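Here is model09.txt, consisting of compact mmCIF, C-alpha atoms and all ligand atoms:
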```txt
# COMPACT_ATOMS: atom_id res chain seq x y z
CA MET A 1 0.00 0.00 0.00
CA ARG A 2 1.29 3.43 -0.94
CA LEU A 3 0.80 5.86 1.94
CA SER A 4 0.29 9.56 1.35
CA LEU A 5 0.18 12.63 3.55
CA ARG A 6 -2.47 15.29 3.14
CA TYR A 7 -1.39 18.82 3.97
CA THR A 8 -2.38 22.40 3.33
CA ASP A 9 0.09 24.37 1.25
CA GLU A 10 1.03 28.02 1.61
CA THR A 11 -1.90 29.11 -0.52
CA GLY A 12 -4.41 27.13 1.55
CA LEU A 13 -4.89 24.33 -0.99
CA VAL A 14 -5.02 20.74 0.25
CA GLN A 15 -2.24 18.68 -1.37
CA THR A 16 -0.95 15.13 -1.01
CA ARG A 17 2.60 13.87 -0.77
CA PRO A 18 4.04 10.39 -0.46
CA HIS A 19 4.47 9.46 3.17
CA ALA A 20 8.11 8.78 2.38
CA VAL A 21 8.68 12.54 2.27
CA VAL A 22 7.93 12.71 5.98
CA GLN A 23 10.37 9.94 6.67
CA GLN A 24 13.05 11.69 4.64
CA MET A 25 13.09 14.36 7.37
CA ASN A 26 14.61 11.63 9.48
CA VAL A 27 13.37 12.89 12.82
CA GLY A 28 13.49 10.54 15.79
CA VAL A 29 11.54 11.06 19.01
CA PHE A 30 12.91 9.15 21.99
CA TYR A 31 11.53 9.38 25.51
CA GLY A 32 11.73 7.85 28.96
CA SER A 33 8.65 7.77 31.15
CA THR A 34 7.86 6.20 34.51
CA THR A 35 4.15 6.86 35.05
CA GLY A 36 3.24 7.62 31.44
CA ASN A 37 3.23 11.42 31.39
CA THR A 38 6.24 11.85 29.12
CA ARG A 39 5.00 9.02 26.92
CA MET A 40 1.69 10.82 26.43
CA ILE A 41 3.56 14.04 25.63
CA ALA A 42 5.86 12.24 23.19
CA GLU A 43 2.92 10.69 21.39
CA GLN A 44 1.26 14.06 21.02
CA ILE A 45 4.50 15.56 19.67
CA ALA A 46 4.81 12.63 17.26
CA SER A 47 1.28 13.01 15.98
CA ASP A 48 2.09 16.65 15.24
CA LEU A 49 5.65 16.36 13.87
CA ARG A 50 5.23 12.96 12.18
CA PRO A 51 8.76 11.72 12.88
CA ALA A 52 10.21 8.62 11.27
CA LEU A 53 10.24 7.01 14.73
CA CYS A 54 8.74 7.65 18.16
CA ALA A 55 10.07 5.21 20.73
CA ASN A 56 10.47 4.55 24.41
CA ILE A 57 14.23 4.47 25.03
CA CYS A 58 13.83 1.37 27.21
CA ASP A 59 12.82 -0.56 24.07
CA ARG A 60 15.73 0.63 21.89
CA ASP A 61 19.49 0.56 21.66
CA ILE A 62 21.00 3.93 22.46
CA ARG A 63 23.23 3.61 19.35
CA GLU A 64 20.08 4.28 17.31
CA LEU A 65 20.32 7.94 18.33
CA GLU A 66 23.12 8.21 15.77
CA HIS A 67 20.75 7.33 12.93
CA PHE A 68 18.77 10.57 12.85
CA ASP A 69 19.30 14.07 11.49
CA VAL A 70 17.04 15.50 14.19
CA LEU A 71 16.54 14.07 17.66
CA VAL A 72 13.61 15.09 19.83
CA ILE A 73 14.40 13.78 23.30
CA GLY A 74 12.05 13.67 26.29
CA ALA A 75 12.57 12.84 29.94
CA SER A 76 10.85 13.39 33.25
CA THR A 77 12.78 14.26 36.41
CA TRP A 78 12.73 12.11 39.54
CA CYS A 79 14.17 12.01 43.06
CA LEU A 80 15.18 15.66 43.41
CA GLY A 81 16.85 16.21 40.06
CA ASP A 82 17.61 12.71 38.78
CA LEU A 83 17.06 11.54 35.24
CA GLN A 84 14.05 9.33 34.66
CA HIS A 85 15.05 5.72 35.39
CA ASP A 86 15.50 4.45 31.81
CA TRP A 87 17.71 7.39 30.83
CA GLN A 88 19.60 7.06 34.11
CA THR A 89 20.34 3.41 33.38
CA ILE A 90 21.99 4.12 30.03
CA PHE A 91 23.41 7.56 30.75
CA SER A 92 27.05 6.43 30.80
CA ARG A 93 26.59 4.92 27.32
CA PHE A 94 26.11 8.38 25.85
CA ASP A 95 29.89 8.55 25.88
CA GLU A 96 29.95 5.93 23.09
CA LEU A 97 27.94 8.18 20.79
CA ASP A 98 29.10 10.45 18.01
CA LEU A 99 26.30 12.95 17.48
CA ARG A 100 28.23 15.51 15.46
CA GLY A 101 25.84 17.26 13.10
CA THR A 102 22.68 15.93 14.74
CA ARG A 103 20.23 18.65 15.69
CA VAL A 104 18.54 18.12 19.05
CA ALA A 105 15.47 19.47 20.79
CA LEU A 106 14.38 18.50 24.28
CA PHE A 107 11.14 18.21 26.18
CA GLY A 108 10.60 17.31 29.80
CA ALA A 109 7.93 16.66 32.41
CA GLY A 110 8.22 17.83 35.99
CA ASP A 111 6.42 19.33 38.95
CA GLN A 112 7.21 23.01 39.51
CA ARG A 113 5.39 23.26 42.84
CA GLU A 114 6.51 20.13 44.72
CA TYR A 115 10.02 20.13 43.21
CA ALA A 116 10.53 23.85 42.65
CA ASP A 117 14.32 23.67 43.04
CA THR A 118 14.83 20.83 40.56
CA PHE A 119 12.06 21.48 38.07
CA THR A 120 12.73 19.51 34.84
CA ASP A 121 16.41 19.16 35.77
CA ALA A 122 16.66 16.01 33.62
CA MET A 123 16.07 18.00 30.47
CA GLY A 124 19.10 20.15 31.23
CA VAL A 125 21.31 17.20 32.10
CA LEU A 126 20.41 15.40 28.87
CA TYR A 127 20.80 18.55 26.81
CA ASP A 128 24.32 19.14 28.13
CA LYS A 129 25.31 15.53 27.47
CA LEU A 130 23.92 15.54 23.92
CA VAL A 131 25.78 18.75 23.10
CA GLU A 132 28.93 17.32 24.68
CA ARG A 133 28.63 14.38 22.26
CA GLY A 134 28.58 16.80 19.32
CA ALA A 135 24.87 17.42 18.82
CA ILE A 136 23.74 20.88 17.77
CA GLY A 137 21.52 22.50 20.38
CA GLY A 138 19.64 25.77 20.55
CA TYR A 139 16.40 24.38 19.09
CA GLY A 140 13.08 24.43 20.91
CA PHE A 141 14.11 26.74 23.73
CA TRP A 142 11.03 27.79 25.69
CA SER A 143 10.35 30.88 27.79
CA THR A 144 10.21 30.47 31.58
CA ARG A 145 7.32 32.94 31.67
CA GLY A 146 4.24 31.30 33.18
CA TYR A 147 6.17 28.94 35.47
CA SER A 148 6.64 29.36 39.22
CA HIS A 149 9.70 27.18 39.83
CA VAL A 150 12.71 28.46 41.78
CA ALA A 151 15.62 26.72 40.02
CA SER A 152 16.26 24.28 37.20
CA LYS A 153 19.28 22.76 35.51
CA SER A 154 17.31 23.15 32.29
CA GLN A 155 17.10 26.92 32.61
CA ARG A 156 19.36 29.05 30.39
CA GLY A 157 18.77 32.73 31.14
CA ASP A 158 15.06 33.38 30.80
CA ALA A 159 14.42 30.21 28.79
CA PHE A 160 14.36 26.47 29.35
CA CYS A 161 16.57 24.49 26.99
CA GLY A 162 13.44 22.70 25.79
CA LEU A 163 9.72 22.39 26.33
CA ALA A 164 8.94 22.19 30.07
CA LEU A 165 5.61 20.59 30.93
CA ASP A 166 3.90 20.08 34.25
CA GLN A 167 1.08 17.54 34.36
CA GLU A 168 0.63 17.99 38.11
CA ASN A 169 -0.09 21.72 38.12
CA GLN A 170 -0.60 22.90 34.55
CA ALA A 171 -2.04 19.97 32.64
CA HIS A 172 -4.62 22.25 31.07
CA LEU A 173 -1.78 24.08 29.26
CA THR A 174 0.00 21.01 27.91
CA SER A 175 -1.75 20.49 24.57
CA ALA A 176 -1.46 24.13 23.54
CA ARG A 177 2.18 24.27 24.63
CA ILE A 178 3.00 21.18 22.59
CA SER A 179 1.26 22.53 19.53
CA THR A 180 3.03 25.89 19.76
CA TRP A 181 6.36 24.19 20.37
CA CYS A 182 5.99 21.91 17.36
CA ASP A 183 5.28 24.92 15.17
CA GLN A 184 8.35 26.61 16.63
CA LEU A 185 10.48 23.54 15.90
CA ARG A 186 9.29 23.36 12.31
CA ASP A 187 10.35 26.99 11.86
CA GLU A 188 13.69 26.59 13.60
CA LEU A 189 14.60 23.37 11.87
CA ALA A 190 13.36 24.67 8.53
CA LEU A 191 11.27 21.58 7.93
CA PRO A 192 9.53 21.73 4.54
CA MET A 193 6.79 24.35 4.33
CA GLY A 194 4.43 21.78 2.85
CA LEU A 195 4.66 19.79 6.07
CA ARG A 196 3.93 22.69 8.40
CA ARG A 197 0.37 21.55 8.94
CA ALA A 198 -0.34 17.89 8.29
CA VAL A 199 -4.10 17.27 8.16
C1 LIG A 201 9.25 10.82 44.04
C2 LIG A 201 9.12 11.86 42.95
C3 LIG A 201 10.18 12.69 42.69
C4 LIG A 201 10.09 13.69 41.71
N1 LIG A 201 11.13 14.56 41.51
C5 LIG A 201 10.99 15.59 40.65
C6 LIG A 201 12.00 16.55 40.50
O1 LIG A 201 13.06 16.51 41.14
N2 LIG A 201 11.81 17.56 39.61
C7 LIG A 201 10.65 17.66 38.88
O2 LIG A 201 10.51 18.61 38.10
N3 LIG A 201 9.66 16.74 38.99
C8 LIG A 201 9.79 15.72 39.87
N4 LIG A 201 8.79 14.81 40.00
C9 LIG A 201 7.59 14.91 39.16
C10 LIG A 201 7.64 14.03 37.91
O3 LIG A 201 8.71 14.37 37.07
C11 LIG A 201 6.32 14.22 37.14
O4 LIG A 201 5.30 13.59 37.86
C12 LIG A 201 6.36 13.72 35.73
O5 LIG A 201 5.18 14.14 35.07
C13 LIG A 201 6.50 12.22 35.64
O6 LIG A 201 6.58 11.89 34.26
P1 LIG A 201 6.68 10.37 33.76
O7 LIG A 201 5.38 9.73 34.14
O8 LIG A 201 6.81 10.49 32.29
O9 LIG A 201 7.86 9.75 34.38
C14 LIG A 201 8.89 13.81 40.96
C15 LIG A 201 7.82 12.94 41.22
C16 LIG A 201 7.93 11.99 42.21
C17 LIG A 201 6.74 11.10 42.49
```

Structure encoded using structure tokens:
Amino acid sequence: MRLSLRYTDETGLVQTRPHAVVQQMNVGVFYGSTTGNTRMIAEQIASDLRPALCANICDRDIRELEHFDVLVIGASTWCLGDLQHDWQTIFSRFDELDLRGTRVALFGAGDQREYADTFTDAMGVLYDKLVERGAIGGYGFWSTRGYSHVASKSQRGDAFCGLALDQENQAHLTSARISTWCDQLRDELALPMGLRRAV
């Protein structure tokens, strides 16, 4: 069966393209999730961005991160600033990776009220490690406006180094934040105009 993608072009006309075009973008979404929040977020991001792969890192080999032009990486934070368990388990193996030329964008789930001093720390730890391995960062940075945390390893000036989400206190904002962030990523990564709005 030949799959096709329907999308609206710049002039508002509905067009179709072979699904393979989406896969040529070679975007991979990888996440780690303990209670399912980050998984739900990842799936929503994937249904918007249409990556070639959306996978739970516990089901994959970390070497697969080298196979993508764009990595979208998600993690929740646990135990006062720790990486989510599955990322924690393989963290030392990042040192085997050569991610030179890979563009990366991060997203993370946390709790800004209960863990105000370590809010989405994991996102910052992963971001630093990915950049250390050669990945190109600076994509998907997200304003800290609208959050009430005190400190975060994922904060860079007045922005987080990725999309910070809080299912405990701001779940009602999550869908809109994801949608806005995906639009931002498409712009920043210069993904094809025709794929800006898959319908
Ligand atoms: C014991 C415990 C420790 C936590 N530690 C942090 C933390 O240090 N920083 C933070 O932002 N969130 C923290 N959280 C909140 C989780 O990151 C949040 O619930 C997240 O949505 C879980 O996502 P997941 O289900 O994808 O793992 C903690 C939650 C629990 C239960």

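The spacing separating atom CA of Leu173 of chain A from atom CA of Tyr147 of chain A amounts to 11.2 Å.
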
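Minimum distance to Leu99 of chain A across A:Asp59, A:Phe68, A:Ile73, A:Ala190 (counting only C-alpha atoms) occurs at A:Phe68.
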
Exercise. Neighbours of ligand LIG 201 (chain A) within 9 Å, counting only C-alpha atoms and all ligand atoms, as a count of residues only?
Worked result: 45

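Picture a line from atom CA of Ser179 of chain A to atom CA of Ala55 of chain A; it runs 19.5 Å.
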
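In this model, the gap between atom CA of Ile178 of chain A and atom CA of Leu49 of chain A comes to 10.3 Å.
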
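Of the listed residues (A:Asp69, A:Asp86, A:Glu43, A:Glu132), A:Asp86 comes nearest to Ile57 of chain A; the distances count all atoms listed in the file.
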
Problem set entry | Contacts of Ile62 of chain A within 9 Å, only C-alpha atoms, excl. fewer than 2 positions in-chain, as a PyMOL selection string | chain A and resi 57-58+60+64-66+90+93-94+97

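You can rank A:Phe107, A:Ser154, A:Gly28, A:Asp187 by their closest distance to Thr174 of chain A using all atoms listed in the file, and at the top of that list sits A:Phe107.
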
Seminar exercise, completed: Using only C-alpha atoms, the best pick from A:Ser92, A:Asn26, A:Gln170, A:Thr180 as closest to Gly140 of chain A would be A:Thr180

Exercise. So, counting only C-alpha atoms, which residue among A:Tyr127, A:Val27, A:Leu189, A:Leu106 is closest to Cys54 of chain A?
Worked result: A:Val27

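Restricting the calculation to all atoms listed in the file, the smallest distance between Trp181 of chain A and any of A:Arg156, A:Trp142, A:Met123, A:Leu53 is found for A:Trp142.
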
Please return the centre and edge lengths, in Å to one decimal, of a box with edges along x, y and z that contains all listed atoms of segment 126-143 of chain A, widened by 4 Å on every side, as AutoDock Vina command-line options.
```
--center_x 19.6 --center_y 22.6 --center_z 23.3 --size_x 26.6 --size_y 24.5 --size_z 19.1
```
